[in-house]
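The structure file my_file34.txt is reproduced below (compact mmCIF, C-alpha atoms and all ligand atoms).
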```
# COMPACT_ATOMS: atom_id res chain seq x y z
CA MET A 336 -28.49 130.96 -153.85
CA ALA A 337 -29.71 134.55 -153.65
CA GLY A 338 -27.98 137.34 -155.55
CA LEU A 339 -26.35 140.25 -153.76
CA LEU A 340 -27.51 143.84 -153.71
CA TYR A 341 -24.83 146.50 -154.29
CA VAL A 342 -25.90 150.01 -153.31
CA ILE A 343 -23.79 152.76 -154.89
CA SER A 344 -24.25 156.30 -153.56
CA GLY A 345 -22.49 159.62 -153.82
CA PRO A 346 -23.08 163.23 -154.80
CA SER A 347 -24.48 164.25 -158.15
CA GLY A 348 -21.72 164.69 -160.72
CA VAL A 349 -19.20 162.48 -158.92
CA GLY A 350 -19.13 159.96 -161.79
CA LYS A 351 -21.31 157.12 -160.43
CA THR A 352 -22.99 156.42 -163.77
CA SER A 353 -19.69 156.17 -165.70
CA ILE A 354 -18.15 153.95 -163.02
CA ILE A 355 -21.17 151.63 -162.95
CA GLU A 356 -21.24 151.44 -166.76
CA GLY A 357 -17.54 150.48 -166.76
CA VAL A 358 -18.07 147.84 -164.08
CA MET A 359 -21.07 146.30 -165.85
CA LYS A 360 -18.82 145.55 -168.86
CA LYS A 361 -16.35 143.67 -166.67
CA VAL A 362 -18.48 141.72 -164.20
CA ARG A 363 -20.82 138.86 -165.08
CA ASN A 364 -24.14 138.08 -163.46
CA VAL A 365 -24.86 141.69 -162.49
CA VAL A 366 -27.81 143.82 -163.60
CA PHE A 367 -28.58 147.50 -163.07
CA SER A 368 -31.85 148.47 -161.41
CA VAL A 369 -33.54 151.23 -163.43
CA SER A 370 -35.28 153.70 -161.11
CA CYS A 371 -38.49 155.66 -161.56
CA THR A 372 -38.25 159.45 -161.42
CA THR A 373 -40.39 162.55 -161.86
CA ARG A 374 -37.33 164.55 -163.01
CA PRO A 375 -37.58 165.78 -166.61
CA LYS A 376 -35.73 163.59 -169.11
CA ARG A 377 -32.37 164.90 -170.34
CA PRO A 378 -31.82 164.93 -174.13
CA ASN A 379 -29.33 162.04 -174.04
CA GLU A 380 -31.43 159.84 -171.78
CA VAL A 381 -33.48 156.85 -172.88
CA GLU A 382 -36.75 155.77 -171.23
CA GLY A 383 -36.30 152.37 -169.57
CA ARG A 384 -32.51 152.47 -169.85
CA ASP A 385 -31.64 155.48 -167.69
CA TYR A 386 -34.94 155.85 -165.84
CA PHE A 387 -38.63 155.20 -166.09
CA PHE A 388 -39.89 158.79 -166.38
CA VAL A 389 -43.27 159.15 -164.69
CA ASP A 390 -45.48 162.04 -163.56
CA GLU A 391 -45.95 162.88 -159.90
CA ARG A 392 -49.41 161.28 -159.71
CA THR A 393 -48.14 157.98 -161.07
CA PHE A 394 -45.17 158.06 -158.69
CA LEU A 395 -47.30 158.74 -155.61
CA ASP A 396 -49.72 156.04 -156.69
CA MET A 397 -46.79 153.58 -156.81
CA VAL A 398 -45.74 154.73 -153.32
CA GLN A 399 -49.30 154.02 -152.08
CA LYS A 400 -49.17 150.53 -153.58
CA ASP A 401 -45.81 149.87 -151.87
CA GLU A 402 -44.14 149.27 -155.24
CA PHE A 403 -40.81 150.79 -154.19
CA LEU A 404 -38.02 149.14 -152.21
CA GLU A 405 -37.08 152.70 -151.27
CA TRP A 406 -37.92 156.16 -152.54
CA ALA A 407 -36.85 159.72 -151.74
CA VAL A 408 -37.09 163.33 -152.82
CA VAL A 409 -33.70 164.12 -154.32
CA HIS A 410 -32.77 167.63 -155.50
CA GLY A 411 -36.50 168.47 -155.58
CA HIS A 412 -37.76 165.44 -157.58
CA TYR A 413 -39.08 162.00 -156.65
CA TYR A 414 -36.85 158.96 -157.27
CA GLY A 415 -37.63 155.33 -156.39
CA THR A 416 -36.32 151.78 -156.82
CA PRO A 417 -38.95 149.36 -158.20
CA ARG A 418 -39.18 146.57 -155.63
CA LYS A 419 -40.41 143.74 -157.89
CA PHE A 420 -37.46 143.84 -160.31
CA VAL A 421 -34.87 143.81 -157.52
CA GLU A 422 -36.57 140.99 -155.61
CA GLU A 423 -36.98 138.84 -158.74
CA GLN A 424 -33.32 139.19 -159.76
CA ILE A 425 -32.04 138.45 -156.29
CA GLN A 426 -34.26 135.38 -156.02
CA LYS A 427 -32.85 134.16 -159.35
CA GLY A 428 -29.32 134.49 -157.97
CA ILE A 429 -28.51 137.56 -160.07
CA ASN A 430 -26.62 140.42 -158.41
CA VAL A 431 -28.20 143.87 -158.61
CA ILE A 432 -26.60 147.35 -158.63
CA LEU A 433 -28.56 150.35 -157.35
CA ASP A 434 -27.42 153.93 -158.04
CA ILE A 435 -29.35 155.82 -155.38
CA ASP A 436 -28.89 158.80 -153.07
CA VAL A 437 -27.84 158.61 -149.43
CA GLN A 438 -31.41 158.82 -148.08
CA GLY A 439 -32.36 155.82 -150.23
CA ALA A 440 -29.22 153.94 -149.18
CA THR A 441 -30.10 154.55 -145.52
CA THR A 442 -33.55 153.03 -146.10
CA VAL A 443 -32.00 149.97 -147.76
CA MET A 444 -29.53 149.62 -144.84
CA LYS A 445 -32.50 149.15 -142.51
CA LYS A 446 -34.32 146.73 -144.82
CA ILE A 447 -31.60 144.51 -146.32
CA LYS A 448 -28.82 143.68 -143.89
CA ASP A 449 -26.89 141.59 -146.42
CA ALA A 450 -26.54 144.40 -149.01
CA VAL A 451 -23.16 145.98 -149.81
CA PHE A 452 -22.90 149.77 -149.47
CA VAL A 453 -20.35 151.77 -151.46
CA PHE A 454 -19.90 155.55 -151.38
CA ILE A 455 -18.24 157.35 -154.31
CA ALA A 456 -16.69 160.67 -153.27
CA PRO A 457 -15.09 163.44 -155.33
CA PRO A 458 -11.40 164.28 -154.71
CA SER A 459 -12.54 167.72 -153.51
CA PHE A 460 -15.58 169.95 -153.40
CA ASP A 461 -14.09 172.24 -156.08
CA GLU A 462 -13.57 169.27 -158.38
CA LEU A 463 -17.21 168.26 -157.92
CA LYS A 464 -18.29 171.79 -158.88
CA LYS A 465 -16.06 171.65 -161.98
CA ARG A 466 -17.50 168.29 -163.05
CA LEU A 467 -21.09 169.46 -162.62
CA LEU A 468 -20.33 172.62 -164.64
CA LYS A 469 -18.64 170.56 -167.37
CA ARG A 470 -21.54 168.11 -167.52
CA GLY A 471 -23.85 171.07 -168.07
CA THR A 472 -27.05 169.06 -167.68
CA GLU A 473 -28.56 171.32 -165.01
CA LYS A 474 -29.65 174.95 -164.92
CA GLU A 475 -27.53 177.04 -162.57
CA GLU A 476 -30.16 177.00 -159.82
CA ASP A 477 -30.46 173.20 -159.96
CA MET A 478 -26.70 172.82 -159.99
CA LEU A 479 -26.34 174.96 -156.86
CA LYS A 480 -28.97 172.80 -155.16
CA ARG A 481 -27.02 169.66 -156.09
CA LEU A 482 -23.82 171.16 -154.62
CA GLU A 483 -25.65 172.14 -151.43
CA ASP A 484 -27.07 168.60 -151.14
CA ALA A 485 -23.58 167.14 -151.75
CA LYS A 486 -22.31 168.65 -148.48
CA ARG A 487 -24.99 166.79 -146.52
CA GLU A 488 -24.32 163.58 -148.44
CA LEU A 489 -20.57 163.63 -147.72
CA GLU A 490 -21.31 163.79 -143.99
CA GLN A 491 -22.99 160.39 -144.26
CA ILE A 492 -19.86 158.56 -145.52
CA PRO A 493 -19.22 156.73 -142.18
CA LYS A 494 -22.47 154.78 -142.62
CA PHE A 495 -21.04 153.02 -145.69
CA GLN A 496 -18.81 149.93 -145.89
CA TYR A 497 -16.58 151.03 -148.77
CA LEU A 498 -15.32 154.40 -150.01
CA ILE A 499 -13.99 155.10 -153.48
CA VAL A 500 -12.51 158.54 -154.16
CA ASN A 501 -13.05 159.04 -157.87
CA VAL A 502 -9.81 160.66 -159.02
CA ASP A 503 -9.35 158.51 -162.11
CA LEU A 504 -12.30 156.80 -163.83
CA GLN A 505 -10.44 153.60 -164.81
CA GLU A 506 -9.02 153.20 -161.33
CA SER A 507 -12.47 153.68 -159.78
CA ILE A 508 -13.91 151.06 -162.17
CA GLU A 509 -11.16 148.62 -161.03
CA GLN A 510 -11.88 149.41 -157.39
CA LEU A 511 -15.64 148.89 -157.63
CA THR A 512 -15.06 145.69 -159.63
CA SER A 513 -12.75 144.43 -156.86
CA ILE A 514 -15.36 145.17 -154.20
CA ILE A 515 -18.06 143.33 -156.15
CA VAL A 516 -15.88 140.28 -156.75
CA ALA A 517 -14.44 140.18 -153.21
CA GLU A 518 -17.90 140.31 -151.65
CA GLN A 519 -18.88 137.25 -153.66
CA LEU A 520 -15.78 135.39 -152.47
CA LYS A 521 -16.54 135.74 -148.76
CA VAL A 522 -16.33 132.24 -147.26
CA SER A 523 -19.90 132.33 -145.98
CA ARG A 524 -21.20 133.22 -149.44
CA VAL A 525 -19.09 130.64 -151.31
CA ILE A 526 -20.32 127.94 -148.93
CA GLU A 527 -23.89 129.10 -149.41
CA ARG A 528 -23.40 129.02 -153.18
CA LEU A 529 -21.61 125.66 -153.49
CA GLY A 530 -22.45 123.80 -150.32
CA PHE A 531 -19.76 122.79 -147.85
CA HIS A 532 -19.15 119.30 -149.28
CA LYS A 533 -18.71 120.53 -152.82
CA LEU A 534 -16.23 123.08 -151.47
CA PHE A 535 -13.96 120.25 -150.28
CA SER A 536 -14.02 118.48 -153.61
CA ILE A 537 -12.65 121.65 -155.30
CA GLY A 538 -9.31 121.26 -153.54
CA GLY A 539 -9.19 117.43 -154.06
CA GLY A 540 -6.45 115.30 -152.36
CA SER A 541 -5.42 115.35 -148.72
CA THR A 542 -2.83 117.41 -146.91
P1 LIG B 601 -29.85 162.37 -161.54
O1 LIG B 601 -31.03 163.29 -161.56
O2 LIG B 601 -28.56 163.14 -161.66
O3 LIG B 601 -29.95 161.24 -162.52
O4 LIG B 601 -29.83 161.69 -160.11
C1 LIG B 601 -29.87 162.46 -158.96
C2 LIG B 601 -29.63 161.60 -157.75
O5 LIG B 601 -30.73 160.72 -157.55
C3 LIG B 601 -28.39 160.72 -157.84
O6 LIG B 601 -27.66 160.87 -156.63
C4 LIG B 601 -28.92 159.32 -157.94
O7 LIG B 601 -28.08 158.40 -157.31
C5 LIG B 601 -30.23 159.46 -157.19
N1 LIG B 601 -31.18 158.41 -157.55
C6 LIG B 601 -31.39 157.84 -158.76
N2 LIG B 601 -32.32 156.89 -158.69
C7 LIG B 601 -32.71 156.84 -157.39
C8 LIG B 601 -33.66 156.03 -156.67
O8 LIG B 601 -34.34 155.16 -157.19
N3 LIG B 601 -33.79 156.29 -155.34
C9 LIG B 601 -33.06 157.25 -154.70
N4 LIG B 601 -33.24 157.39 -153.39
N5 LIG B 601 -32.16 158.02 -155.34
C10 LIG B 601 -32.00 157.82 -156.67
```

Kindly transcribe the structure held in the file into structure tokens.
Ligand code: 5GP
Amino acid sequence: MAGLLYVISGPSGVGKTSIIEGVMKKVRNVVFSVSCTTRPKRPNEVEGRDYFFVDERTFLDMVQKDEFLEWAVVHGHYYGTPRKFVEEQIQKGINVILDIDVQGATTVMKKIKDAVFVFIAPPSFDELKKRLLKRGTEKEEDMLKRLEDAKRELEQIPKFQYLIVNVDLQESIEQLTSIIVAEQLKVSRVIERLGFHKLFSIGGGST
């Protein structure tokens, strides 16, 4: 049976990466899709773990060859989800997590009806500003752009199926874990996974 695609979106600095990292330690059979980007690498980032860092020419060449499931310009740089990796995992029955922006999520909504869409929001706009300042990974100009973009992203919340307000990291990790597990326990998906007859033999006996 095919794996599920979980699309996690939300403004820059909201804590998506930490939440996803926490969830990956708790949930089995889930992999993270590493995106390609033209954004410069941050000192703490590792090629192939955080992103595949490519130049603009390489990125546009990949767009031409239709190698992305989705791609977008986010905060002035290109970002894209490699299609082959996601398709291979899903075919193998492995669930995949994407951490992508709202434009990318909207593209996936049109392409993959069965995917699960989760928005992570900050408790307030001021809190988001504080977190971005504390993270300190962007120059002031870039940070202001990220805050400006966040306003537009928050307006898109109604398109999503689930909303987590990240007040407390551990609680958000629990919440995203619950969503991931619950989605896999939907009757239609359990039947698809086990087959209807096998499902009956789980319960045994008669009523
Ligand atoms: P950052 O530069 O802070 O790592 O990421 C900036 C934004 O780009 C985040 O909102 C992140 O979710 C988004 N992003 C990361 N990878 C992708 C991708 O492959 N596609 C799209 N559309 N957005 C991405």

- request: Enter the distance from atom CA of A:Gln519 to atom CA of A:Gly338, in Å, rounded to one decimal.
  value: 9.3 Å

field: Point-to-point distance in Å for atom CA of A:Lys521 and atom CA of A:Ala450
entry: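 One can read the atom CA of A:Ala450 to atom CA of A:Lys521 distance as 13.2 Å.
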
Contacts to ligand LIG 601 (chain B) at 8 Å cut-off (all atoms listed in the file) as a PyMOL selection string: chain A and resi 343-348+351+369-372+374+385-386+405-410+413-417+433-440

Emit the selected residues as a PDB file, in the coordinates of the input, including C-alpha atoms.
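File produced: out_31.pdb:
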```pdb
ATOM      1  CA  ILE A 343     -23.790 152.760-154.890  1.00  0.00           C
ATOM      2  CA  SER A 344     -24.250 156.300-153.560  1.00  0.00           C
ATOM      3  CA  GLY A 345     -22.490 159.620-153.820  1.00  0.00           C
ATOM      4  CA  PRO A 346     -23.080 163.230-154.800  1.00  0.00           C
ATOM      5  CA  SER A 347     -24.480 164.250-158.150  1.00  0.00           C
ATOM      6  CA  GLY A 348     -21.720 164.690-160.720  1.00  0.00           C
ATOM      7  CA  LYS A 351     -21.310 157.120-160.430  1.00  0.00           C
ATOM      8  CA  VAL A 369     -33.540 151.230-163.430  1.00  0.00           C
ATOM      9  CA  SER A 370     -35.280 153.700-161.110  1.00  0.00           C
ATOM     10  CA  CYS A 371     -38.490 155.660-161.560  1.00  0.00           C
ATOM     11  CA  THR A 372     -38.250 159.450-161.420  1.00  0.00           C
ATOM     12  CA  ARG A 374     -37.330 164.550-163.010  1.00  0.00           C
ATOM     13  CA  ASP A 385     -31.640 155.480-167.690  1.00  0.00           C
ATOM     14  CA  TYR A 386     -34.940 155.850-165.840  1.00  0.00           C
ATOM     15  CA  GLU A 405     -37.080 152.700-151.270  1.00  0.00           C
ATOM     16  CA  TRP A 406     -37.920 156.160-152.540  1.00  0.00           C
ATOM     17  CA  ALA A 407     -36.850 159.720-151.740  1.00  0.00           C
ATOM     18  CA  VAL A 408     -37.090 163.330-152.820  1.00  0.00           C
ATOM     19  CA  VAL A 409     -33.700 164.120-154.320  1.00  0.00           C
ATOM     20  CA  HIS A 410     -32.770 167.630-155.500  1.00  0.00           C
ATOM     21  CA  TYR A 413     -39.080 162.000-156.650  1.00  0.00           C
ATOM     22  CA  TYR A 414     -36.850 158.960-157.270  1.00  0.00           C
ATOM     23  CA  GLY A 415     -37.630 155.330-156.390  1.00  0.00           C
ATOM     24  CA  THR A 416     -36.320 151.780-156.820  1.00  0.00           C
ATOM     25  CA  PRO A 417     -38.950 149.360-158.200  1.00  0.00           C
ATOM     26  CA  LEU A 433     -28.560 150.350-157.350  1.00  0.00           C
ATOM     27  CA  ASP A 434     -27.420 153.930-158.040  1.00  0.00           C
ATOM     28  CA  ILE A 435     -29.350 155.820-155.380  1.00  0.00           C
ATOM     29  CA  ASP A 436     -28.890 158.800-153.070  1.00  0.00           C
ATOM     30  CA  VAL A 437     -27.840 158.610-149.430  1.00  0.00           C
ATOM     31  CA  GLN A 438     -31.410 158.820-148.080  1.00  0.00           C
ATOM     32  CA  GLY A 439     -32.360 155.820-150.230  1.00  0.00           C
ATOM     33  CA  ALA A 440     -29.220 153.940-149.180  1.00  0.00           C
TER      34      ALA A 440
END
```

- prompt: Separation of atom CA of A:Thr352 and atom CA of A:Phe387, in Å?
  reply: 15.9 Å

field: Nearest to A:Glu488, chosen from A:Thr441, A:Ser523, A:Thr472, A:Asn501, with only C-alpha atoms counted in the distances
entry: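 Checking each of A:Thr441, A:Ser523, A:Thr472, A:Asn501 against A:Glu488, counting only C-alpha atoms, the winner is A:Thr441.
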
task: Might you pull out every residue within 8 Å of A:Thr373, with only C-alpha atoms counted and same-chain residues fewer than 5 positions away left off, and present them as a PyMOL selection string?
output: chain A and resi 388-391+394+412-414

field: Residue nearest A:Leu339 - candidates A:Asp461, A:Asp449, A:Glu473, A:Glu527, atoms counted: all atoms listed in the file
entry: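 Residue with the minimum atom-to-atom distance to A:Leu339: A:Asp449.
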
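Compared by their closest atoms to A:Phe367, and using only C-alpha atoms, the residues A:Ile526, A:Met336, A:Ile514, A:Gln424 rank with A:Gln424 nearest.
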
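For the residues A:His532, A:Lys448, A:Lys427, A:Lys494, ranking by smallest atom-to-atom distance to A:Asn364 using all atoms listed in the file places A:Lys427 first.
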
Please list, as an mmCIF file with C-alpha atoms, keeping the file's coordinate frame, the residues that have an atom at most 9 Å away from (-34.0, 134.9, -149.1) in the coordinates of this file, counting only C-alpha atoms.
```
data_model
loop_
_atom_site.group_PDB
_atom_site.id
_atom_site.type_symbol
_atom_site.label_atom_id
_atom_site.label_comp_id
_atom_site.auth_asym_id
_atom_site.auth_seq_id
_atom_site.Cartn_x
_atom_site.Cartn_y
_atom_site.Cartn_z
ATOM 1 C CA MET A 336 -28.490 130.960 -153.850
ATOM 2 C CA ALA A 337 -29.710 134.550 -153.650
ATOM 3 C CA ILE A 425 -32.040 138.450 -156.290
ATOM 4 C CA GLN A 426 -34.260 135.380 -156.020
#
```
